[in-house]
$ cat final.txt   # compact mmCIF, C-alpha atoms
# COMPACT_ATOMS: atom_id res chain seq x y z
CA MET R 1 105.08 106.85 119.20
CA GLY R 2 105.38 108.38 122.64
CA ASP R 3 104.37 106.84 125.98
CA HIS R 4 101.04 108.69 126.09
CA ALA R 5 99.76 106.61 123.15
CA LYS R 6 99.82 103.43 125.30
CA VAL R 7 100.93 101.28 122.36
CA HIS R 8 102.41 97.86 122.96
CA THR R 9 104.74 95.79 120.79
CA LYS R 10 103.46 93.18 118.35
CA GLU R 11 105.09 90.50 120.53
CA TYR R 12 103.07 91.68 123.53
CA ILE R 13 99.71 91.42 121.78
CA LEU R 14 100.56 87.95 120.47
CA ASP R 15 101.55 86.76 123.96
CA TYR R 16 98.34 88.26 125.34
CA ALA R 17 96.28 86.48 122.67
CA ASP R 18 97.98 83.17 123.48
CA ARG R 19 97.04 83.60 127.14
CA LEU R 20 93.42 84.27 126.22
CA ILE R 21 93.37 81.19 123.96
CA THR R 22 94.93 79.00 126.66
CA GLU R 23 92.45 80.24 129.27
CA GLY R 24 89.49 79.74 126.91
CA ARG R 25 88.56 83.44 126.99
CA ALA R 26 89.56 84.29 123.40
CA PRO R 27 86.07 83.77 121.85
CA SER R 28 84.89 86.82 123.82
CA TYR R 29 87.31 89.02 121.88
CA ALA R 30 87.77 90.42 118.39
CA VAL R 31 90.96 91.58 116.73
CA VAL R 32 91.76 94.02 113.95
CA ARG R 33 94.88 94.76 111.94
CA PHE R 34 94.90 98.13 110.22
CA ASN R 35 97.14 100.50 108.39
CA ILE R 36 96.59 104.24 108.59
CA ARG R 37 95.85 105.72 105.20
CA GLY R 38 97.90 108.56 103.77
CA MET R 39 100.61 108.74 106.44
CA SER R 40 103.39 109.32 103.90
CA ASN R 41 101.44 112.26 102.43
CA LEU R 42 100.82 113.67 105.90
CA ASN R 43 104.50 113.48 106.73
CA ASP R 44 105.38 115.17 103.44
CA GLN R 45 102.86 117.97 104.02
CA LEU R 46 103.35 118.60 107.73
CA GLY R 47 106.77 117.15 108.51
CA MET R 48 107.58 114.02 110.49
CA GLU R 49 107.04 115.59 113.91
CA LEU R 50 103.46 116.79 113.29
CA GLY R 51 102.66 113.66 111.30
CA THR R 52 103.78 111.50 114.22
CA GLN R 53 101.73 113.60 116.65
CA LEU R 54 98.60 113.02 114.57
CA MET R 55 99.28 109.30 114.37
CA CYS R 56 99.78 109.17 118.15
CA ALA R 57 96.54 111.04 118.73
CA TYR R 58 94.63 108.71 116.40
CA ILE R 59 96.00 105.59 118.12
CA HIS R 60 95.49 107.09 121.59
CA GLY R 61 91.85 107.74 120.71
CA LEU R 62 91.43 104.09 119.69
CA GLN R 63 93.01 102.90 122.95
CA GLU R 64 90.64 105.08 124.97
CA LEU R 65 87.69 103.73 122.97
CA ILE R 66 88.45 100.05 123.61
CA GLY R 67 89.30 100.66 127.28
CA GLU R 68 91.40 98.67 129.72
CA ASP R 69 90.07 95.32 128.48
CA GLY R 70 91.77 95.80 125.12
CA ILE R 71 95.23 96.63 123.82
CA VAL R 72 96.71 98.33 120.76
CA ALA R 73 100.06 97.23 119.36
CA ARG R 74 102.28 98.55 116.60
CA ASN R 75 103.37 96.02 113.98
CA GLY R 76 105.67 98.46 112.24
CA GLY R 77 105.43 101.68 110.24
CA ASP R 78 101.77 102.66 109.94
CA VAL R 79 100.43 99.13 110.57
CA PHE R 80 98.84 98.35 113.95
CA SER R 81 96.80 95.63 115.62
CA ALA R 82 94.18 95.86 118.35
CA LEU R 83 92.48 93.26 120.54
CA PHE R 84 89.22 94.18 122.28
CA PRO R 85 85.92 92.75 123.63
CA LYS R 86 83.61 91.69 120.79
CA GLU R 87 80.80 94.01 121.87
CA ARG R 88 82.97 97.00 120.94
CA THR R 89 83.43 95.87 117.32
CA ASP R 90 80.97 98.35 115.79
CA GLU R 91 82.50 101.26 117.71
CA VAL R 92 86.02 100.29 116.67
CA MET R 93 84.88 99.88 113.08
CA GLN R 94 83.31 103.34 112.99
CA TYR R 95 86.41 104.87 114.54
CA LEU R 96 88.80 103.31 112.02
CA ILE R 97 86.55 104.21 109.08
CA GLY R 98 87.47 107.78 109.95
CA VAL R 99 87.55 110.46 112.65
CA GLU R 100 88.66 114.07 112.96
CA THR R 101 92.02 113.98 114.73
CA ALA R 102 94.07 116.81 116.22
CA THR R 103 97.58 117.24 117.55
CA GLU R 104 97.94 117.55 121.33
CA ASP R 105 97.90 121.37 121.27
CA GLY R 106 95.01 121.41 118.77
CA SER R 107 96.97 123.41 116.21
CA VAL R 108 96.64 120.85 113.40
CA LYS R 109 93.56 118.81 112.55
CA ARG R 110 93.09 116.12 109.93
CA PHE R 111 90.49 113.48 109.06
CA MET R 112 92.23 110.12 109.56
CA SER R 113 91.09 106.67 108.46
CA SER R 114 92.45 103.16 107.98
CA HIS R 115 92.20 100.03 105.93
CA ALA R 116 91.20 97.41 108.51
CA GLY R 117 90.76 93.66 108.60
CA TYR R 118 88.69 92.19 111.45
CA TYR R 119 88.31 88.73 112.93
CA ARG R 120 85.97 87.71 115.74
CA ILE R 121 88.00 85.03 117.48
CA SER R 122 86.40 81.58 117.58
CA ASP R 123 87.35 78.43 119.46
CA GLN R 124 88.74 77.06 116.16
CA CYS R 125 91.69 79.44 116.42
CA GLN R 126 94.42 77.54 118.25
CA SER R 127 97.30 80.03 118.51
CA SER R 128 98.34 83.62 118.10
CA LYS R 129 100.33 82.57 115.03
CA GLU R 130 97.11 81.48 113.31
CA LEU R 131 95.48 84.68 114.52
CA SER R 132 98.24 86.77 112.97
CA GLU R 133 97.91 84.91 109.66
CA ILE R 134 94.17 85.54 109.63
CA LEU R 135 94.75 89.24 110.27
CA ASP R 136 97.33 89.42 107.47
CA GLU R 137 94.75 87.96 105.09
CA ALA R 138 91.98 90.21 106.43
CA LEU R 139 94.09 93.34 105.93
CA ARG R 140 95.09 92.19 102.45
CA ILE R 141 91.41 91.87 101.54
CA ALA R 142 90.62 95.27 103.05
CA ARG R 143 93.40 96.92 101.07
CA ALA R 144 91.82 95.50 97.94
CA HIS R 145 88.70 97.58 98.76
CA VAL R 146 86.29 94.69 99.20
CA ASP R 147 82.82 95.90 98.15
CA ASN R 148 84.28 99.44 97.95
CA ARG R 149 84.73 99.49 101.73
CA LEU R 150 87.82 100.22 103.78
CA TYR R 151 87.36 97.15 105.95
CA ALA R 152 86.94 93.39 105.71
CA ILE R 153 85.50 91.03 108.29
CA CYS R 154 86.96 87.54 108.09
CA ASP R 155 85.45 84.40 109.54
CA ASP R 156 86.32 80.76 110.08
CA GLU R 157 86.27 80.21 106.32
CA VAL R 158 89.41 82.32 106.13
CA LEU R 159 90.90 80.30 109.00
CA HIS R 160 90.12 77.13 107.05
CA LYS R 161 91.83 78.54 103.93
CA ILE R 162 94.93 79.40 105.94
CA GLN R 163 95.05 75.93 107.45
CA GLU R 164 94.62 74.44 103.98
CA SER R 165 97.49 76.61 102.70
CA LYS R 166 99.72 75.35 105.51
CA ARG R 167 98.81 71.78 104.61
CA ILE R 168 99.66 72.44 100.96
CA GLU R 169 103.00 73.93 102.04
CA ARG R 170 103.88 70.87 104.13
CA MET R 171 103.07 68.51 101.25
CA PHE R 172 105.42 70.18 98.77
CA ARG R 173 108.65 68.35 99.55
CA GLY R 174 107.04 64.91 99.42
CA ALA R 175 105.21 65.79 96.21
CA ILE R 176 108.47 66.79 94.53
CA GLU R 177 110.31 63.67 95.72
CA ASN R 178 107.45 61.37 94.64
CA GLU R 179 107.00 63.20 91.33
CA GLU R 180 103.33 63.85 92.05
CA PHE R 181 103.42 67.03 89.95
CA MET R 182 102.57 66.10 86.37
CA VAL R 183 103.05 67.91 83.08
CA TYR R 184 99.88 68.38 81.05
CA TYR R 185 100.28 69.74 77.52
CA GLN R 186 97.74 72.12 75.97
CA PRO R 187 98.11 72.11 72.18
CA LYS R 188 98.70 75.32 70.25
CA VAL R 189 97.09 75.22 66.83
CA GLU R 190 98.07 77.05 63.65
CA THR R 191 94.76 77.93 61.98
CA LYS R 192 95.88 78.34 58.37
CA ARG R 193 96.09 74.56 58.07
CA TYR R 194 94.61 73.65 61.47
CA ARG R 195 97.76 71.85 62.48
CA LEU R 196 99.44 71.28 65.83
CA LYS R 197 102.14 73.91 66.07
CA GLY R 198 103.18 73.95 69.71
CA ALA R 199 102.13 73.31 73.28
CA GLU R 200 102.05 74.93 76.68
CA ALA R 201 103.24 72.89 79.65
CA LEU R 202 100.80 73.17 82.56
CA CYS R 203 101.19 71.75 86.05
CA ARG R 204 98.73 69.31 87.58
CA TRP R 205 99.12 67.60 90.96
CA MET R 206 97.98 64.03 91.51
CA HIS R 207 98.00 63.14 95.22
CA GLU R 208 96.63 59.82 96.48
CA GLY R 209 94.29 59.53 93.53
CA GLU R 210 93.02 63.12 93.80
CA MET R 211 93.74 65.78 91.19
CA ILE R 212 94.71 69.01 92.96
CA LEU R 213 94.13 71.87 90.54
CA PRO R 214 96.58 74.78 90.19
CA PHE R 215 94.35 77.42 91.80
CA ARG R 216 94.73 75.54 95.08
CA PHE R 217 98.52 75.32 95.17
CA ILE R 218 100.12 77.83 92.78
CA PRO R 219 99.22 80.93 94.91
CA VAL R 220 100.55 79.16 98.02
CA TYR R 221 103.88 78.34 96.40
CA GLU R 222 104.18 81.79 94.88
CA HIS R 223 103.69 83.24 98.36
CA ASN R 224 106.33 81.10 100.08
CA GLY R 225 108.80 80.92 97.18
CA ASP R 226 108.48 77.19 96.43
CA ILE R 227 107.19 78.13 92.97
CA ARG R 228 110.80 78.66 91.90
CA GLU R 229 111.65 75.01 92.51
CA LEU R 230 108.38 73.87 90.95
CA ASP R 231 109.07 75.88 87.78
CA PHE R 232 112.42 74.17 87.29
CA TYR R 233 110.85 70.79 88.08
CA MET R 234 108.43 71.47 85.21
CA LEU R 235 111.18 72.58 82.84
CA ASP R 236 113.22 69.47 83.67
CA HIS R 237 110.26 67.16 83.01
CA VAL R 238 109.36 68.92 79.75
CA CYS R 239 112.95 68.54 78.54
CA ARG R 240 112.90 64.88 79.55
CA ASP R 241 109.74 64.31 77.49
CA ILE R 242 111.09 66.17 74.45
CA ARG R 243 114.32 64.19 74.54
CA ARG R 244 112.35 60.95 74.58
CA TRP R 245 110.11 62.06 71.70
CA LEU R 246 113.14 62.99 69.63
CA ASP R 247 114.75 59.63 70.34
CA GLU R 248 111.52 57.91 69.26
CA GLY R 249 111.54 59.79 65.95
CA LYS R 250 108.42 61.85 66.66
CA GLN R 251 107.77 65.21 65.07
CA VAL R 252 108.36 67.52 68.04
CA VAL R 253 106.79 70.97 68.50
CA ARG R 254 108.03 73.91 70.52
CA THR R 255 106.77 73.77 74.11
CA SER R 256 106.38 76.80 76.35
CA VAL R 257 107.15 76.67 80.06
CA ASN R 258 105.95 79.35 82.47
CA LEU R 259 108.33 81.11 84.84
CA SER R 260 106.93 82.99 87.82
CA ARG R 261 107.83 86.59 88.66
CA GLU R 262 109.33 85.16 91.84
CA HIS R 263 112.48 84.31 89.85
CA MET R 264 113.25 88.02 89.57
CA GLY R 265 116.44 88.66 91.50
CA ASP R 266 118.03 85.30 90.63
CA GLN R 267 121.27 86.34 88.93
CA ARG R 268 121.82 82.78 87.68
CA LEU R 269 118.35 82.35 86.22
CA VAL R 270 119.33 82.18 82.53
CA GLU R 271 122.34 80.03 83.35
CA ARG R 272 120.14 77.58 85.26
CA ILE R 273 117.59 77.47 82.42
CA LEU R 274 120.28 76.63 79.89
CA GLU R 275 121.89 74.07 82.21
CA THR R 276 118.54 72.26 82.51
CA ILE R 277 117.86 72.25 78.77
CA ASP R 278 121.40 71.22 77.82
CA ARG R 279 121.54 68.45 80.42
CA HIS R 280 118.83 66.68 78.41
CA GLN R 281 120.49 67.61 75.09
CA VAL R 282 117.33 69.31 73.86
CA PRO R 283 117.85 71.64 70.89
CA HIS R 284 117.02 75.16 72.01
CA GLN R 285 114.46 75.61 69.23
CA TYR R 286 112.02 73.33 71.04
CA ILE R 287 111.76 75.40 74.23
CA GLU R 288 109.89 78.65 74.78
CA ILE R 289 109.91 80.53 78.09
CA GLU R 290 106.73 82.39 79.01
CA LEU R 291 107.29 85.41 81.21
CA THR R 292 104.66 87.70 82.70
CA GLU R 293 104.59 91.47 82.38
CA THR R 294 106.34 93.42 85.14
CA SER R 295 105.07 96.33 87.20
CA THR R 296 108.23 98.19 88.23
CA GLU R 297 111.17 99.79 86.46
CA VAL R 298 113.65 97.59 88.35
CA ASP R 299 111.84 94.42 87.30
CA TYR R 300 111.57 95.75 83.75
CA LEU R 301 115.33 96.20 83.43
CA GLU R 302 115.94 92.74 84.86
CA LEU R 303 113.35 91.24 82.53
CA LYS R 304 115.04 92.93 79.58
CA ASP R 305 118.34 91.32 80.55
CA ILE R 306 116.74 87.87 80.90
CA VAL R 307 114.89 87.99 77.57
CA SER R 308 117.98 89.30 75.76
CA LYS R 309 120.19 86.52 77.10
CA LEU R 310 117.65 83.84 76.22
CA HIS R 311 117.35 85.33 72.73
CA GLU R 312 121.11 85.14 72.30
CA ALA R 313 121.00 81.48 73.34
CA GLY R 314 118.31 80.69 70.74
CA ILE R 315 115.53 80.24 73.29
CA HIS R 316 112.16 81.62 72.22
CA THR R 317 110.35 83.89 74.69
CA SER R 318 106.75 85.06 74.92
CA VAL R 319 105.08 87.72 77.02
CA ASP R 320 102.20 86.02 78.81
CA ASP R 321 98.72 87.53 79.34
CA PHE R 322 99.58 90.65 77.37
CA GLY R 323 97.33 93.60 78.23
CA VAL R 324 96.54 92.56 81.80
CA GLY R 325 99.55 94.00 83.60
CA TYR R 326 102.12 96.74 82.99
CA SER R 327 101.74 96.77 79.18
CA SER R 328 104.49 99.32 78.63
CA MET R 329 105.18 99.82 74.94
CA ASN R 330 108.85 99.55 75.88
CA LEU R 331 108.09 96.00 76.96
CA LEU R 332 107.45 95.06 73.35
CA ALA R 333 109.63 97.55 71.53
CA GLU R 334 112.87 97.09 73.48
CA LEU R 335 112.81 93.38 74.37
CA PRO R 336 113.54 90.72 71.74
CA TRP R 337 110.36 88.69 72.24
CA ASN R 338 109.25 86.09 69.72
CA MET R 339 105.57 85.98 70.57
CA VAL R 340 102.81 87.95 72.27
CA LYS R 341 100.21 85.87 74.09
CA ILE R 342 96.88 87.71 74.05
CA ASP R 343 94.93 87.24 77.26
CA LYS R 344 91.52 85.62 76.85
CA SER R 345 89.81 88.70 78.28
CA PHE R 346 90.69 90.49 75.01
CA VAL R 347 89.25 87.79 72.76
CA PRO R 348 85.70 88.73 71.65
CA LEU R 349 82.94 86.17 72.07
CA GLY R 350 81.42 86.99 68.70
CA THR R 351 78.12 88.24 70.14
CA GLY R 352 78.27 91.55 68.27
CA ASP R 353 77.15 93.64 71.26
CA GLU R 354 78.81 96.94 72.20
CA GLU R 355 81.27 95.40 74.67
CA ASP R 356 82.26 92.74 72.16
CA GLN R 357 82.81 95.36 69.48
CA LYS R 358 85.14 97.26 71.79
CA LYS R 359 87.08 94.05 72.41
CA THR R 360 87.39 93.56 68.66
CA VAL R 361 88.87 97.04 68.25
CA MET R 362 91.38 96.40 71.04
CA LEU R 363 92.24 92.98 69.63
CA ARG R 364 92.95 94.44 66.19
CA SER R 365 95.20 97.07 67.76
CA ILE R 366 97.21 94.47 69.69
CA ILE R 367 97.63 92.25 66.63
CA ALA R 368 98.58 95.19 64.38
CA MET R 369 101.15 96.40 66.92
CA ALA R 370 102.65 92.92 67.26
CA HIS R 371 102.89 92.52 63.48
CA ALA R 372 104.55 95.95 63.17
CA LEU R 373 107.18 94.76 65.63
CA GLU R 374 107.55 91.47 63.70
CA LEU R 375 106.13 89.41 66.57
CA GLU R 376 103.84 86.42 66.31
CA CYS R 377 100.52 86.42 68.17
CA ILE R 378 98.73 83.62 69.93
CA ALA R 379 95.33 83.95 71.57
CA GLU R 380 94.45 81.87 74.61
CA GLY R 381 91.07 80.80 75.94
CA VAL R 382 89.57 80.21 72.48
CA GLU R 383 86.40 78.19 72.91
CA THR R 384 84.22 78.69 69.81
CA ALA R 385 84.41 78.52 66.01
CA LYS R 386 83.31 82.20 65.89
CA GLN R 387 86.37 83.19 67.90
CA VAL R 388 88.69 81.16 65.66
CA LEU R 389 87.32 82.81 62.50
CA LEU R 390 87.42 86.29 64.05
CA LEU R 391 91.04 85.82 65.06
CA LYS R 392 91.97 84.59 61.59
CA GLU R 393 90.21 87.53 59.97
CA ASN R 394 92.29 89.89 62.08
CA GLY R 395 95.63 88.21 61.45
CA CYS R 396 96.10 86.06 64.56
CA TYR R 397 96.82 82.56 63.26
CA PHE R 398 97.86 80.76 66.45
CA VAL R 399 95.36 79.79 69.13
CA GLN R 400 94.97 77.59 72.15
CA GLY R 401 91.84 76.77 74.07
CA TYR R 402 89.10 74.26 74.70
CA TYR R 403 87.76 74.55 71.15
CA PHE R 404 90.69 72.41 70.02
CA ASP R 405 91.93 70.75 73.20
CA ARG R 406 91.99 70.95 76.95
CA PRO R 407 95.34 70.41 78.67
CA LEU R 408 96.23 66.79 77.95
CA PRO R 409 98.13 64.18 79.97
CA VAL R 410 101.38 63.17 78.31
CA GLY R 411 99.97 59.98 76.75
CA ASP R 412 97.12 61.81 75.00
CA PHE R 413 99.43 64.56 73.79
CA GLU R 414 101.82 61.96 72.36
CA GLU R 415 98.93 60.72 70.21
CA ARG R 416 98.64 64.23 68.75
CA LEU R 417 102.38 64.17 68.03
CA SER R 418 102.08 60.79 66.34
CA VAL R 419 99.37 62.12 64.00
CA LEU R 420 101.54 65.17 63.21
CA THR R 421 104.51 62.88 62.55
CA GLU R 422 102.44 60.89 60.04
CA ILE R 423 101.21 64.06 58.29
CA VAL R 424 104.72 65.49 57.97
CA ALA R 425 106.08 62.17 56.72
CA LYS R 426 103.33 61.91 54.12
CA GLU R 427 103.97 65.45 52.91
CA GLY R 428 107.66 64.66 52.61
CA MET R 429 106.95 61.64 50.45
CA GLU R 430 104.60 63.62 48.23
CA ARG R 431 107.23 66.31 47.69
CA ALA R 432 109.81 63.63 46.88
CA ILE R 433 107.51 62.18 44.20

$ encode --input "final.txt" --output "structure tokens"
Amino acid sequence: MGDHAKVHTKEYILDYADRLITEGRAPSYAVVRFNIRGMSNLNDQLGMELGTQLMCAYIHGLQELIGEDGIVARNGGDVFSALFPKERTDEVMQYLIGVETATEDGSVKRFMSSHAGYYRISDQCQSSKELSEILDEALRIARAHVDNRLYAICDDEVLHKIQESKRIERMFRGAIENEEFMVYYQPKVETKRYRLKGAEALCRWMHEGEMILPFRFIPVYEHNGDIRELDFYMLDHVCRDIRRWLDEGKQVVRTSVNLSREHMGDQRLVERILETIDRHQVPHQYIEIELTETSTEVDYLELKDIVSKLHEAGIHTSVDDFGVGYSSMNLLAELPWNMVKIDKSFVPLGTGDEEDQKKTVMLRSIIAMAHALELECIAEGVETAKQVLLLKENGCYFVQGYYFDRPLPVGDFEERLSVLTEIVAKEGMERAI
């Protein structure tokens, strides 16, 4: 960066923040974490030397603006943090939204701006570690263009969410050991005869009599990597249930288990899946692995390898939430999937308005493409009779959603299996006669 830019290390700003918190002076300050937009393009256009000079000038201008009572620190690359008196927040915000910046000799000028996440420090913030976590979240929100702006201002609600996430993290090990995570089964219905055809295993968490819903813990565990262990916990418990149902003589249906993208990079993934299934002596035909679309070529090639190996082992696979993510045609054409799961956002409501008609056209295209590739389709989020009939009319004969059943605890789902068992047994007797 150069000494003239007066930029400190990220460790320095954290130590300084801790001193302010300890001395009780932190609530008089605000902090911002920002990344300079377009630095890679600047470096490509001008070369690293001129690009670095512009970055130095931009940061030096910010340091001059906040004065001796504030500091600027570099987190790494084009990401920086600054701590400054609260009364300068508006000035800092205007600066980071964008200013004309020139190299030291004035030969090159560019308009430079940043994505920036702000937090006005309150007495609820207890450490620089919490402060850094808040800034990470603030910058993440800013990068998502909140309200079409380049900045986000976070408050104590964000601090509360971070503290809640930490609490959820700490609870994980005990929840696994105490088997607090429970498998709920959402039925999949075949609409030609309106018969139970399969199920999706969904995770619910029962802690001290309280049901903790997935939106509160799944993102946390995806962020810290615990989702990988939770996924295999779910697969193990599904296999345990299926083995018991088979031993009891029930008519068993294929059950799908979700695997997070976080498993990408695990070279033993397929081996571990098969080890889990075979340990419970579950025939492979009763398990389906749901995998989400990928967004990079590297992930795509790895996904292709995983799906191919599962196919060879007789494990069904489905591409989850099709149409929401990458949606490469290669994803369907080159991978040996068994089923395409159509995201609920593509299922028309049956209102007949212009938007609904467009959804119908897209739905027909997805179903036709799947059929051409000899894939089955299932639509999720089906909530009305109109949607069921529309799906049937367009050739999608498998559905799941609240119209038929919400996710069910194991006891309630076993009742559905018992009814299916009776139906199948009765049909067998009729054919024998």

$ closest_residue --input "final.txt" --among "R:Val382, R:Ala17, R:Leu135, R:Leu196" --to "Glu415 in chain R" --atoms "all atoms listed in the file"
R:Leu196

$ residues_near_point --input "final.txt" --point "(101.5, 112.5, 109.8)" --cutoff "10 Å" --atoms "only C-alpha atoms" --output "VMD selection string"
chain R and resid 36 to 56 78 103 110 112

$ residues_near_point --input "final.txt" --point "(83.5, 84.6, 124.4)" --cutoff "9 Å" --atoms "only C-alpha atoms" --output "list in words"
Gly24, Arg25, Ala26, Pro27, Ser28, Tyr29, Pro85, Lys86, Ile121, Ser122 and Asp123 of chain R

$ closest_residue --input "final.txt" --among "R:Trp205, R:Phe84, R:Tyr403, R:Tyr16" --to "Val32 in chain R" --atoms "all atoms listed in the file"
R:Phe84

$ closest_residue --input "final.txt" --among "R:Arg33, R:Ile141, R:Glu133, R:Glu87" --to "His160 in chain R" --atoms "all atoms listed in the file"
R:Glu133

$ atom_distance --input "final.txt" --atom1 "CA of Ile342 in chain R" --atom2 "CA of Gly381 in chain R"
9.2 Å

$ closest_residue --input "final.txt" --among "R:Glu100, R:Asp155, R:Asp236, R:Glu302" --to "Met182 in chain R" --atoms "only C-alpha atoms"
R:Asp236

$ atom_distance --input "final.txt" --atom1 "CA of Phe34 in chain R" --atom2 "CA of Gln163 in chain R"
22.4 Å

$ atom_distance --input "final.txt" --atom1 "CA of Ser260 in chain R" --atom2 "CA of Glu222 in chain R"
7.7 Å

$ decode --input "final.txt" --residues "range 246-265 of chain R" --atoms "N, CA and C atoms" --output "mmCIF file, in the first residue's frame"
data_model
loop_
_atom_site.group_PDB
_atom_site.id
_atom_site.type_symbol
_atom_site.label_atom_id
_atom_site.label_comp_id
_atom_site.auth_asym_id
_atom_site.auth_seq_id
_atom_site.Cartn_x
_atom_site.Cartn_y
_atom_site.Cartn_z
ATOM 1 N N LEU R 246 -39.082 -52.539 6.751
ATOM 2 C CA LEU R 246 -38.951 -53.787 5.980
ATOM 3 C C LEU R 246 -39.108 -55.000 6.894
ATOM 4 N N ASP R 247 -38.474 -54.936 8.060
ATOM 5 C CA ASP R 247 -38.566 -56.053 9.001
ATOM 6 C C ASP R 247 -39.992 -56.259 9.510
ATOM 7 N N GLU R 248 -40.775 -55.172 9.541
ATOM 8 C CA GLU R 248 -42.159 -55.258 9.999
ATOM 9 C C GLU R 248 -43.115 -55.654 8.877
ATOM 10 N N GLY R 249 -42.590 -55.829 7.673
ATOM 11 C CA GLY R 249 -43.421 -56.248 6.550
ATOM 12 C C GLY R 249 -44.200 -55.137 5.898
ATOM 13 N N LYS R 250 -43.824 -53.885 6.129
ATOM 14 C CA LYS R 250 -44.527 -52.753 5.524
ATOM 15 C C LYS R 250 -44.120 -52.596 4.059
ATOM 16 N N GLN R 251 -45.041 -52.014 3.303
ATOM 17 C CA GLN R 251 -44.740 -51.631 1.930
ATOM 18 C C GLN R 251 -43.911 -50.354 1.980
ATOM 19 N N VAL R 252 -42.656 -50.422 1.613
ATOM 20 C CA VAL R 252 -41.736 -49.291 1.747
ATOM 21 C C VAL R 252 -41.651 -48.519 0.435
ATOM 22 N N VAL R 253 -41.525 -47.187 0.533
ATOM 23 C CA VAL R 253 -41.375 -46.345 -0.657
ATOM 24 C C VAL R 253 -39.990 -45.706 -0.652
ATOM 25 N N ARG R 254 -39.555 -45.319 -1.836
ATOM 26 C CA ARG R 254 -38.240 -44.691 -1.950
ATOM 27 C C ARG R 254 -38.243 -43.344 -1.224
ATOM 28 N N THR R 255 -37.199 -43.119 -0.439
ATOM 29 C CA THR R 255 -37.097 -41.887 0.352
ATOM 30 C C THR R 255 -35.880 -41.088 -0.093
ATOM 31 N N SER R 256 -36.084 -39.805 -0.339
ATOM 32 C CA SER R 256 -34.978 -38.948 -0.769
ATOM 33 C C SER R 256 -34.364 -38.226 0.422
ATOM 34 N N VAL R 257 -33.053 -38.126 0.392
ATOM 35 C CA VAL R 257 -32.284 -37.457 1.442
ATOM 36 C C VAL R 257 -31.456 -36.362 0.784
ATOM 37 N N ASN R 258 -31.511 -35.163 1.340
ATOM 38 C CA ASN R 258 -30.782 -34.027 0.769
ATOM 39 C C ASN R 258 -29.320 -34.038 1.194
ATOM 40 N N LEU R 259 -28.453 -33.712 0.245
ATOM 41 C CA LEU R 259 -27.037 -33.508 0.551
ATOM 42 C C LEU R 259 -26.649 -32.083 0.174
ATOM 43 N N SER R 260 -26.032 -31.388 1.088
ATOM 44 C CA SER R 260 -25.625 -30.002 0.870
ATOM 45 C C SER R 260 -24.471 -29.912 -0.123
ATOM 46 N N ARG R 261 -24.348 -28.738 -0.757
ATOM 47 C CA ARG R 261 -23.190 -28.459 -1.618
ATOM 48 C C ARG R 261 -21.879 -28.536 -0.846
ATOM 49 N N GLU R 262 -21.965 -28.380 0.480
ATOM 50 C CA GLU R 262 -20.746 -28.377 1.282
ATOM 51 C C GLU R 262 -19.990 -29.694 1.221
ATOM 52 N N HIS R 263 -20.623 -30.751 0.716
ATOM 53 C CA HIS R 263 -19.932 -32.033 0.576
ATOM 54 C C HIS R 263 -18.971 -32.043 -0.607
ATOM 55 N N MET R 264 -19.100 -31.050 -1.495
ATOM 56 C CA MET R 264 -18.213 -30.994 -2.647
ATOM 57 C C MET R 264 -16.764 -30.903 -2.167
ATOM 58 N N GLY R 265 -15.928 -31.745 -2.709
ATOM 59 C CA GLY R 265 -14.537 -31.795 -2.273
ATOM 60 C C GLY R 265 -14.239 -33.019 -1.432
#
